[in-house]
$ cat model.txt   # compact mmCIF, C-alpha atoms and all ligand atoms
# COMPACT_ATOMS: atom_id res chain seq x y z
CA MET A 1 145.01 138.76 30.33
CA GLN A 2 143.84 140.84 33.28
CA ASP A 3 140.34 139.38 33.07
CA MET A 4 141.56 135.90 34.00
CA LEU A 5 144.20 134.45 36.29
CA GLN A 6 147.32 133.11 34.60
CA SER A 7 147.58 130.60 37.45
CA ASP A 8 144.15 129.18 36.46
CA ILE A 9 145.22 128.78 32.82
CA ASP A 10 148.46 127.11 33.93
CA GLU A 11 146.46 124.79 36.21
CA VAL A 12 144.22 123.62 33.34
CA VAL A 13 147.22 123.09 31.05
CA ALA A 14 148.96 121.01 33.74
CA ARG A 15 145.85 118.97 34.57
CA LEU A 16 145.28 118.02 30.92
CA GLY A 17 148.62 116.21 30.92
CA ALA A 18 149.13 113.85 27.99
CA ASN A 19 145.52 114.42 26.80
CA ALA A 20 146.69 117.79 25.40
CA GLN A 21 148.56 115.98 22.61
CA THR A 22 145.22 115.06 21.00
CA TYR A 23 144.95 118.74 20.02
CA ALA A 24 148.47 118.87 18.47
CA GLY A 25 148.38 120.24 14.92
CA LYS A 26 144.57 120.26 14.89
CA THR A 27 142.16 123.07 13.94
CA VAL A 28 139.42 123.98 16.40
CA MET A 29 136.47 126.15 15.47
CA ILE A 30 134.76 127.58 18.55
CA THR A 31 131.55 129.59 18.45
CA GLY A 32 130.83 132.03 21.26
CA GLY A 33 134.60 132.48 21.35
CA ARG A 34 134.37 135.88 23.03
CA GLY A 35 132.06 134.73 25.83
CA PHE A 36 133.01 133.63 29.33
CA LEU A 37 133.77 129.99 28.47
CA GLY A 38 134.92 130.70 24.92
CA ARG A 39 137.66 133.06 26.10
CA TYR A 40 138.93 130.40 28.51
CA PHE A 41 139.15 127.86 25.69
CA VAL A 42 141.17 130.38 23.67
CA GLU A 43 143.52 131.15 26.58
CA VAL A 44 144.03 127.47 27.43
CA PHE A 45 144.79 126.63 23.78
CA SER A 46 147.24 129.54 23.72
CA GLY A 47 148.77 128.23 26.96
CA LEU A 48 149.17 124.78 25.37
CA ASN A 49 150.80 126.34 22.29
CA LYS A 50 153.36 128.09 24.47
CA THR A 51 154.24 124.89 26.31
CA VAL A 52 153.45 121.29 25.43
CA LEU A 53 152.21 122.02 21.88
CA ALA A 54 154.96 124.52 21.00
CA SER A 55 156.34 122.34 18.19
CA ASN A 56 152.91 121.39 16.79
CA PRO A 57 150.40 124.06 17.80
CA VAL A 58 146.63 123.95 17.68
CA THR A 59 144.95 126.48 15.35
CA VAL A 60 141.84 128.19 16.70
CA ILE A 61 139.11 130.07 14.82
CA ALA A 62 136.73 131.87 17.19
CA LEU A 63 133.34 133.00 15.90
CA ASP A 64 131.09 135.39 17.80
CA ASN A 65 128.49 138.03 16.95
CA LEU A 66 129.27 139.79 20.27
CA ILE A 67 125.58 140.10 21.19
CA THR A 68 126.42 139.80 24.89
CA SER A 69 130.20 140.25 24.79
CA LYS A 70 130.83 143.64 23.19
CA HIS A 71 133.26 144.55 25.97
CA ALA A 72 135.36 141.39 25.84
CA PRO A 73 139.06 142.25 25.59
CA PRO A 74 140.66 141.75 22.14
CA MET A 75 142.05 138.34 21.23
CA LYS A 76 145.69 138.44 20.16
CA HIS A 77 147.51 135.13 19.97
CA ASP A 78 149.58 133.32 17.38
CA HIS A 79 147.60 130.64 15.49
CA MET A 80 144.29 132.14 16.64
CA SER A 81 141.87 134.27 14.66
CA PHE A 82 138.57 135.93 15.43
CA VAL A 83 135.70 136.16 12.93
CA ALA A 84 132.69 138.37 13.67
CA HIS A 85 129.88 136.07 12.57
CA ASP A 86 126.30 135.34 13.59
CA VAL A 87 126.02 131.55 13.59
CA ILE A 88 122.34 131.83 12.72
CA GLN A 89 123.85 132.23 9.23
CA PRO A 90 125.75 129.28 7.70
CA TYR A 91 129.52 129.48 7.91
CA ASP A 92 132.10 127.93 5.64
CA HIS A 93 135.82 127.68 6.14
CA ALA A 94 138.36 127.09 3.38
CA GLY A 95 140.73 124.82 5.35
CA PRO A 96 140.36 121.70 7.45
CA VAL A 97 138.48 121.67 10.75
CA ASP A 98 139.01 118.84 13.26
CA PHE A 99 136.84 119.97 16.16
CA VAL A 100 133.77 122.21 16.18
CA ILE A 101 132.87 123.46 19.67
CA HIS A 102 129.49 125.18 19.61
CA ALA A 103 129.50 127.34 22.74
CA ALA A 104 127.61 130.35 21.32
CA GLY A 105 124.48 130.95 23.30
CA ILE A 106 122.60 133.44 25.40
CA ALA A 107 123.40 131.96 28.75
CA SER A 108 122.43 134.52 31.36
CA PRO A 109 118.74 134.55 32.37
CA PHE A 110 118.80 138.37 32.29
CA TYR A 111 119.85 138.32 28.62
CA TYR A 112 117.58 135.53 27.47
CA ARG A 113 114.69 137.42 29.01
CA ALA A 114 115.75 140.38 26.84
CA TYR A 115 116.57 138.32 23.70
CA PRO A 116 114.19 135.32 23.63
CA LEU A 117 114.12 134.88 19.84
CA GLU A 118 117.89 135.22 19.49
CA THR A 119 118.21 132.63 22.30
CA LEU A 120 116.08 130.17 20.32
CA ASP A 121 117.88 130.91 17.06
CA VAL A 122 121.44 130.38 18.33
CA ALA A 123 120.61 127.03 19.95
CA ILE A 124 118.52 125.75 17.02
CA ASN A 125 119.63 127.36 13.71
CA GLY A 126 123.14 128.02 15.03
CA THR A 127 123.52 124.41 16.13
CA ARG A 128 122.21 123.13 12.81
CA ASN A 129 124.63 125.34 10.84
CA MET A 130 127.59 124.25 12.94
CA LEU A 131 126.58 120.58 12.69
CA ALA A 132 126.44 120.98 8.91
CA LEU A 133 129.97 122.41 8.97
CA ALA A 134 131.22 119.55 11.17
CA GLU A 135 129.58 117.00 8.90
CA ALA A 136 131.12 118.58 5.76
CA LYS A 137 134.59 118.69 7.35
CA GLY A 138 134.45 115.29 9.06
CA ALA A 139 135.01 117.07 12.39
CA ARG A 140 134.03 116.04 15.90
CA PHE A 141 131.20 118.25 17.16
CA THR A 142 130.63 119.37 20.75
CA PHE A 143 127.42 121.14 21.74
CA PHE A 144 127.15 123.26 24.87
CA SER A 145 123.72 122.37 26.12
CA SER A 146 122.78 123.15 29.72
CA SER A 147 121.73 121.66 33.03
CA GLU A 148 118.55 123.67 32.40
CA ILE A 149 117.32 120.94 30.03
CA TYR A 150 116.36 119.04 33.22
CA GLY A 151 113.95 121.85 34.21
CA ASP A 152 112.50 121.67 37.72
CA PRO A 153 113.25 118.09 38.82
CA ASP A 154 111.35 115.85 41.16
CA ALA A 155 113.45 115.23 44.32
CA LYS A 156 113.91 111.57 43.38
CA HIS A 157 115.88 112.67 40.28
CA VAL A 158 118.34 114.83 42.26
CA PRO A 159 121.25 114.59 41.61
CA MET A 160 120.33 114.38 37.94
CA GLN A 161 121.66 111.62 35.77
CA GLU A 162 122.03 112.15 32.04
CA SER A 163 119.18 109.68 31.49
CA TYR A 164 116.67 111.89 33.38
CA ARG A 165 114.26 113.36 30.82
CA GLY A 166 113.45 116.52 32.74
CA ASN A 167 110.44 118.54 33.76
CA VAL A 168 110.46 121.55 31.46
CA ALA A 169 107.80 124.07 30.41
CA THR A 170 107.20 124.78 26.73
CA GLN A 171 105.71 128.14 27.67
CA GLY A 172 107.03 130.58 30.21
CA PRO A 173 109.91 132.99 30.70
CA ARG A 174 112.61 130.27 30.66
CA ALA A 175 111.25 128.18 27.80
CA CYS A 176 113.27 129.98 25.11
CA TYR A 177 116.50 128.78 26.72
CA ASP A 178 115.54 125.38 28.07
CA GLU A 179 113.53 124.20 25.08
CA SER A 180 116.01 125.48 22.48
CA LYS A 181 118.85 123.61 24.21
CA ARG A 182 116.68 120.49 24.11
CA VAL A 183 116.13 120.95 20.35
CA GLY A 184 119.89 121.55 19.96
CA GLU A 185 120.46 118.16 21.59
CA THR A 186 117.90 116.58 19.24
CA LEU A 187 119.76 118.03 16.26
CA CYS A 188 122.97 116.42 17.56
CA TYR A 189 121.14 113.10 17.88
CA ILE A 190 119.85 113.37 14.29
CA TYR A 191 123.25 114.24 12.82
CA HIS A 192 124.85 111.42 14.76
CA THR A 193 122.32 108.76 13.80
CA LYS A 194 121.64 109.95 10.20
CA TYR A 195 125.12 111.07 9.10
CA GLY A 196 127.41 109.45 11.65
CA THR A 197 128.71 112.83 12.83
CA PRO A 198 130.62 112.26 16.10
CA THR A 199 128.62 114.52 18.41
CA THR A 200 129.16 115.09 22.12
CA ILE A 201 126.78 117.03 24.33
CA ILE A 202 128.01 118.89 27.42
CA ARG A 203 125.53 119.93 30.10
CA PRO A 204 127.37 122.43 32.34
CA PHE A 205 126.12 123.10 35.88
CA ASN A 206 126.73 126.72 37.02
CA VAL A 207 130.33 127.41 36.10
CA TYR A 208 131.89 130.49 37.67
CA GLY A 209 135.22 132.22 37.89
CA PRO A 210 137.29 135.27 37.00
CA GLY A 211 136.34 136.68 33.60
CA MET A 212 132.58 136.79 34.20
CA GLY A 213 131.51 140.27 33.14
CA GLU A 214 130.19 142.54 35.86
CA ALA A 215 127.05 143.06 33.76
CA ASP A 216 126.61 139.31 33.16
CA TYR A 217 123.74 139.20 35.73
CA ARG A 218 124.30 135.55 36.67
CA VAL A 219 124.20 135.09 40.42
CA LEU A 220 127.88 135.27 41.36
CA PRO A 221 128.88 138.34 39.30
CA ASN A 222 125.67 139.98 40.50
CA PHE A 223 126.48 139.30 44.17
CA ALA A 224 130.16 140.25 43.74
CA SER A 225 129.29 143.58 42.12
CA ARG A 226 126.94 144.47 44.96
CA ILE A 227 129.51 143.47 47.59
CA LYS A 228 132.05 145.68 45.82
CA GLY A 229 129.52 148.55 45.79
CA GLY A 230 128.74 148.10 49.49
CA GLN A 231 125.11 147.15 48.71
CA PRO A 232 123.10 144.37 50.40
CA LEU A 233 122.58 141.38 48.11
CA ASN A 234 119.21 140.81 46.49
CA VAL A 235 118.21 137.16 46.79
CA TYR A 236 115.24 136.41 44.54
CA GLY A 237 112.19 134.52 45.80
CA SER A 238 112.44 132.44 48.96
CA GLY A 239 116.22 131.93 48.72
CA VAL A 240 115.86 128.19 49.30
CA GLN A 241 116.41 127.26 45.62
CA THR A 242 119.62 125.22 45.38
CA ARG A 243 122.53 125.08 42.94
CA THR A 244 125.99 123.55 42.80
CA PHE A 245 128.90 125.71 41.63
CA CYS A 246 131.80 124.52 39.52
CA TYR A 247 135.00 126.56 39.46
CA ILE A 248 136.21 127.40 35.96
CA THR A 249 139.41 125.32 36.05
CA ASP A 250 137.50 122.15 36.94
CA ALA A 251 134.92 122.88 34.26
CA LEU A 252 137.52 123.58 31.56
CA VAL A 253 139.34 120.32 32.23
CA GLY A 254 135.99 118.50 31.93
CA PHE A 255 135.05 120.32 28.73
CA LEU A 256 138.42 119.72 27.04
CA LEU A 257 138.25 116.03 27.95
CA ALA A 258 134.67 115.76 26.67
CA VAL A 259 135.67 117.31 23.31
CA ILE A 260 138.32 114.62 22.69
CA LYS A 261 137.07 111.63 24.69
CA GLY A 262 133.30 111.96 24.67
CA VAL A 263 131.65 108.83 23.29
CA PRO A 264 129.95 109.88 20.02
CA GLY A 265 126.22 110.40 20.52
CA GLU A 266 126.52 110.73 24.31
CA SER A 267 125.84 113.61 26.72
CA TYR A 268 127.78 114.48 29.89
CA ASN A 269 126.99 116.45 33.01
CA ILE A 270 129.98 118.65 33.84
CA GLY A 271 129.82 120.30 37.25
CA ASN A 272 130.84 119.92 40.85
CA PRO A 273 128.27 117.84 42.74
CA ARG A 274 129.34 119.09 46.19
CA PRO A 275 127.95 121.03 47.93
CA GLU A 276 124.37 121.58 46.74
CA ILE A 277 123.50 124.86 48.49
CA SER A 278 120.61 127.29 48.67
CA MET A 279 121.04 130.93 47.65
CA ILE A 280 120.98 131.90 51.33
CA GLN A 281 123.78 129.38 51.98
CA LEU A 282 125.65 130.87 49.02
CA VAL A 283 125.57 134.26 50.76
CA GLU A 284 126.99 132.58 53.88
CA ALA A 285 129.70 130.88 51.80
CA LEU A 286 130.62 134.25 50.27
CA SER A 287 130.83 135.80 53.76
CA LYS A 288 133.24 133.04 54.75
CA ALA A 289 135.31 133.42 51.56
CA ILE A 290 135.81 137.17 52.03
CA ASP A 291 135.91 136.95 55.82
CA ARG A 292 133.15 139.43 56.53
CA GLU A 293 129.37 139.29 56.97
CA VAL A 294 127.49 140.01 53.73
CA PRO A 295 123.99 141.47 54.29
CA TYR A 296 121.11 140.39 52.03
CA ASN A 297 117.41 140.95 51.39
CA LEU A 298 114.86 138.50 50.03
CA ILE A 299 113.02 140.23 47.18
CA GLU A 300 110.41 139.37 44.53
CA TYR A 301 111.77 138.36 41.13
CA PRO A 302 112.33 141.60 39.19
CA ASP A 303 110.77 141.94 35.70
CA SER A 304 114.25 141.67 34.15
CA TYR A 305 114.81 138.17 35.57
CA PRO A 306 112.77 135.10 34.58
CA ALA A 307 110.84 133.65 37.52
CA ASP A 308 109.73 130.00 37.43
CA GLU A 309 113.20 128.97 38.57
CA PRO A 310 114.04 125.31 39.09
CA MET A 311 114.17 124.69 42.83
CA ARG A 312 117.04 122.20 42.74
CA ARG A 313 120.06 121.63 40.58
CA SER A 314 122.82 119.10 41.25
CA PRO A 315 124.74 116.90 38.81
CA ASP A 316 125.40 113.19 38.96
CA ILE A 317 128.87 113.08 37.34
CA ARG A 318 129.53 109.33 37.50
CA LYS A 319 129.34 109.02 33.71
CA ALA A 320 131.89 111.81 33.16
CA ARG A 321 134.13 110.29 35.83
CA LEU A 322 134.00 106.87 34.19
CA GLN A 323 134.16 107.80 30.50
CA LEU A 324 136.16 111.07 30.55
CA GLU A 325 138.18 110.68 33.78
CA PHE A 326 136.73 114.02 34.91
CA GLU A 327 137.17 114.87 38.59
CA PRO A 328 136.56 118.35 40.05
CA THR A 329 139.19 119.31 42.62
CA VAL A 330 138.51 122.95 43.58
CA ASP A 331 136.29 123.16 46.67
CA LEU A 332 133.67 125.89 47.03
CA ASN A 333 135.58 128.00 49.55
CA ASP A 334 138.78 127.96 47.49
CA GLY A 335 136.90 128.75 44.26
CA LEU A 336 134.91 131.58 45.84
CA LYS A 337 138.10 133.06 47.27
CA ARG A 338 139.80 132.99 43.86
CA PHE A 339 136.73 134.53 42.21
CA MET A 340 136.11 137.18 44.86
CA ASP A 341 139.76 138.29 45.01
CA TRP A 342 139.60 138.87 41.28
CA ALA A 343 136.08 140.41 41.25
CA LEU A 344 136.71 142.83 44.11
CA ALA A 345 139.88 144.03 42.34
CA THR A 346 138.18 144.29 38.92
CA TYR A 347 134.50 145.19 39.28
CA LYS A 348 133.30 148.77 39.74
CA GLY A 349 130.42 147.94 42.08
CA THR A 350 127.73 149.40 39.83
CA ILE A 351 125.11 146.63 39.50
N1 LIG A 401 128.67 129.21 32.07
C1 LIG A 401 127.80 128.30 32.52
O1 LIG A 401 127.72 128.01 33.72
C2 LIG A 401 126.90 127.58 31.55
C3 LIG A 401 125.93 126.72 32.08
C4 LIG A 401 125.10 126.03 31.21
C5 LIG A 401 125.24 126.19 29.84
N2 LIG A 401 126.18 127.04 29.35
C6 LIG A 401 126.26 127.19 27.88
O2 LIG A 401 127.63 127.24 27.50
C7 LIG A 401 127.80 128.17 26.43
C8 LIG A 401 128.85 129.22 26.83
O3 LIG A 401 128.42 129.85 28.03
P1 LIG A 401 129.11 131.18 28.57
O4 LIG A 401 128.97 131.16 30.03
O5 LIG A 401 130.42 131.36 27.93
O6 LIG A 401 128.10 132.26 27.97
P2 LIG A 401 128.39 133.76 27.51
O7 LIG A 401 127.08 134.43 27.39
O8 LIG A 401 129.45 134.37 28.35
O9 LIG A 401 129.02 133.57 26.04
C9 LIG A 401 128.26 133.18 24.93
C10 LIG A 401 128.80 133.89 23.71
O10 LIG A 401 127.98 133.51 22.57
C11 LIG A 401 127.85 134.64 21.74
N3 LIG A 401 126.67 134.48 20.87
C12 LIG A 401 125.36 134.49 21.24
N4 LIG A 401 124.59 134.35 20.15
C13 LIG A 401 125.42 134.22 19.08
C14 LIG A 401 125.22 134.05 17.68
N5 LIG A 401 123.98 133.96 17.16
N6 LIG A 401 126.31 133.97 16.88
C15 LIG A 401 127.57 134.04 17.39
N7 LIG A 401 127.81 134.23 18.69
C16 LIG A 401 126.75 134.31 19.53
C17 LIG A 401 127.73 135.81 22.71
O11 LIG A 401 128.04 137.05 22.10
C18 LIG A 401 128.75 135.41 23.77
O12 LIG A 401 130.03 135.95 23.49
C19 LIG A 401 126.42 128.77 26.14
O13 LIG A 401 125.84 128.09 25.06
C20 LIG A 401 125.65 128.49 27.42
O14 LIG A 401 124.27 128.38 27.16
C21 LIG A 401 127.01 127.74 30.17
$ encode --input "model.txt" --output "structure tokens"
Amino acid sequence: MQDMLQSDIDEVVARLGANAQTYAGKTVMITGGRGFLGRYFVEVFSGLNKTVLASNPVTVIALDNLITSKHAPPMKHDHMSFVAHDVIQPYDHAGPVDFVIHAAGIASPFYYRAYPLETLDVAINGTRNMLALAEAKGARFTFFSSSEIYGDPDAKHVPMQESYRGNVATQGPRACYDESKRVGETLCYIYHTKYGTPTTIIRPFNVYGPGMGEADYRVLPNFASRIKGGQPLNVYGSGVQTRTFCYITDALVGFLLAVIKGVPGESYNIGNPRPEISMIQLVEALSKAIDREVPYNLIEYPDSYPADEPMRRSPDIRKARLQLEFEPTVDLNDGLKRFMDWALATYKGTI
């Protein structure tokens, strides 16, 4: 498991505590199972099976068409199987399914710029197919939506609450991602209200950690690769656009709680609300984490990256705190240190 830290998996297993027993003896189908988040789900379930679920393990079926994860390491665990499948096509499974986690998606702006139609299809047709499976099996369904459904918010809606309806463009370089996630949420609403399917929507806010591919092109792998290669960082636009960053262990605990405790029909922001920082402040935070000055340039958005970026992004997590007992505990400096130690030892420095 050289692409993740065993200590992170152990941390998630420990933090789940008694909640882990809800997964005992159950079957989980996860789409996007070879992606960044999907592989963590698989490793955490495997970690549970080796410890607290050893006598009644969870069975995992991971689906992925590998469109953006061809180089993911192979998955070899007891009670876990991988199926190469494009979820744009319906999928049936002979046995029972208790939880469907639909995490397939084209998440990196670089890739959804390259694959706009596939991005729409996986969040619309893929979500519909997986909802149909959940409905047929009587399974709980969890959809990985995105904080991007809020678009570019007015300052009075920052931090964003789940009730904020967003400010999103139907046309433009980001629309294929943002709008398809919004339709995916609508499909969940329809299945919940029309068929009673217990749906939960997760809106993650910039999750990061070991295991992000060097060619992922989201901001932290991009910066880490250039630091490894001794190159100045390229900060797009003015550099004052803000984000919050949630370390993978915090996010995974939140996701696994949402899957079992999410109120049917509800959506949850999962992220770390503190600190909300600009991209220039992120460079400074990285310098602090690795204990050396990181040089950067402000550049125009390249053609490969969708401009029209939201200027602010910060989650209000009071609902997840109250209903899921979700509480992020890894501060930015600690998380960046864990990520950078791993990235500088793993990446080649070629981006
Ligand atoms: N990581 C984050 O910070 C974040 C933030 C917001 C939303 N999300 C959402 O969470 C989900 C998981 O994110 P991630 O970071 O693991 O992304 P990722 O790109 O690392 O993984 C997604 C996986 O889905 C697979 N996939 C794409 N289209 C598919 C299809 N048609 N059929 C089957 N598999 C397909 C890809 O091959 C990939 O392995 C995505 O839906 C993403 O949009 C993630």
$ residues_near_ligand --input "model.txt" --ligand "ligand LIG 401 (chain A)" --cutoff "6 Å" --atoms "only C-alpha atoms and all ligand atoms" --output "ChimeraX atom specification"
/A:31-32,34-38,64-69,85-88,103-107,122,144-147,204-207
$ write_last_selection --input "model.txt" --atoms "C-alpha atoms" --output "JSON list (two decimals), keeping the file's coordinate frame"
[["chain", "number", "residue", "atom", "x", "y", "z"],
["A", 31, "THR", "CA", 131.55, 129.59, 18.45],
["A", 32, "GLY", "CA", 130.83, 132.03, 21.26],
["A", 34, "ARG", "CA", 134.37, 135.88, 23.03],
["A", 35, "GLY", "CA", 132.06, 134.73, 25.83],
["A", 36, "PHE", "CA", 133.01, 133.63, 29.33],
["A", 37, "LEU", "CA", 133.77, 129.99, 28.47],
["A", 38, "GLY", "CA", 134.92, 130.70, 24.92],
["A", 64, "ASP", "CA", 131.09, 135.39, 17.80],
["A", 65, "ASN", "CA", 128.49, 138.03, 16.95],
["A", 66, "LEU", "CA", 129.27, 139.79, 20.27],
["A", 67, "ILE", "CA", 125.58, 140.10, 21.19],
["A", 68, "THR", "CA", 126.42, 139.80, 24.89],
["A", 69, "SER", "CA", 130.20, 140.25, 24.79],
["A", 85, "HIS", "CA", 129.88, 136.07, 12.57],
["A", 86, "ASP", "CA", 126.30, 135.34, 13.59],
["A", 87, "VAL", "CA", 126.02, 131.55, 13.59],
["A", 88, "ILE", "CA", 122.34, 131.83, 12.72],
["A", 103, "ALA", "CA", 129.50, 127.34, 22.74],
["A", 104, "ALA", "CA", 127.61, 130.35, 21.32],
["A", 105, "GLY", "CA", 124.48, 130.95, 23.30],
["A", 106, "ILE", "CA", 122.60, 133.44, 25.40],
["A", 107, "ALA", "CA", 123.40, 131.96, 28.75],
["A", 122, "VAL", "CA", 121.44, 130.38, 18.33],
["A", 144, "PHE", "CA", 127.15, 123.26, 24.87],
["A", 145, "SER", "CA", 123.72, 122.37, 26.12],
["A", 146, "SER", "CA", 122.78, 123.15, 29.72],
["A", 147, "SER", "CA", 121.73, 121.66, 33.03],
["A", 204, "PRO", "CA", 127.37, 122.43, 32.34],
["A", 205, "PHE", "CA", 126.12, 123.10, 35.88],
["A", 206, "ASN", "CA", 126.73, 126.72, 37.02],
["A", 207, "VAL", "CA", 130.33, 127.41, 36.10]]
$ residues_around --input "model.txt" --residues "range 259-269 of chain A" --least-positions-apart "4" --cutoff "7 Å" --atoms "only C-alpha atoms" --output "list in words"
Thr142, Glu162, Tyr189, His192, Pro198, Thr199, Thr200, Ile201, Ile202, Arg203, Pro204, Phe255, Pro315, Asp316, Ile317, Lys319, Ala320 and Leu324 of chain A
$ residues_around --input "model.txt" --residues "Val58 in chain A" --least-positions-apart "6" --cutoff "6 Å" --atoms "all atoms listed in the file" --output "count of residues only"
5
$ residues_near_point --input "model.txt" --point "(116.2, 122.0, 45.2)" --cutoff "10 Å" --atoms "only C-alpha atoms" --output "ChimeraX atom specification"
/A:152-155,158-159,240-243,276-278,310-314
$ closest_residue --input "model.txt" --among "A:Glu179, A:Asp78, A:Asp331, A:Glu284" --to "Val60 in chain A" --atoms "all atoms listed in the file"
A:Asp78
$ residues_around --input "model.txt" --residues "Ile299 in chain A" --least-positions-apart "6" --cutoff "12 Å" --atoms "only C-alpha atoms" --output "list in words"
Pro232, Leu233, Asn234, Val235, Tyr236, Gly237, Ser238, Gly239, Tyr305 and Ala307 of chain A
$ atom_distance --input "model.txt" --atom1 "CA of Ile248 in chain A" --atom2 "CA of Ile227 in chain A"
20.9 Å
$ closest_residue --input "model.txt" --among "A:Arg113, A:Arg274, A:Lys228, A:Lys194" --to "Ala175 in chain A" --atoms "all atoms listed in the file"
A:Arg113
$ atom_distance --input "model.txt" --atom1 "CA of Pro109 in chain A" --atom2 "CA of Pro90 in chain A"
26.2 Å
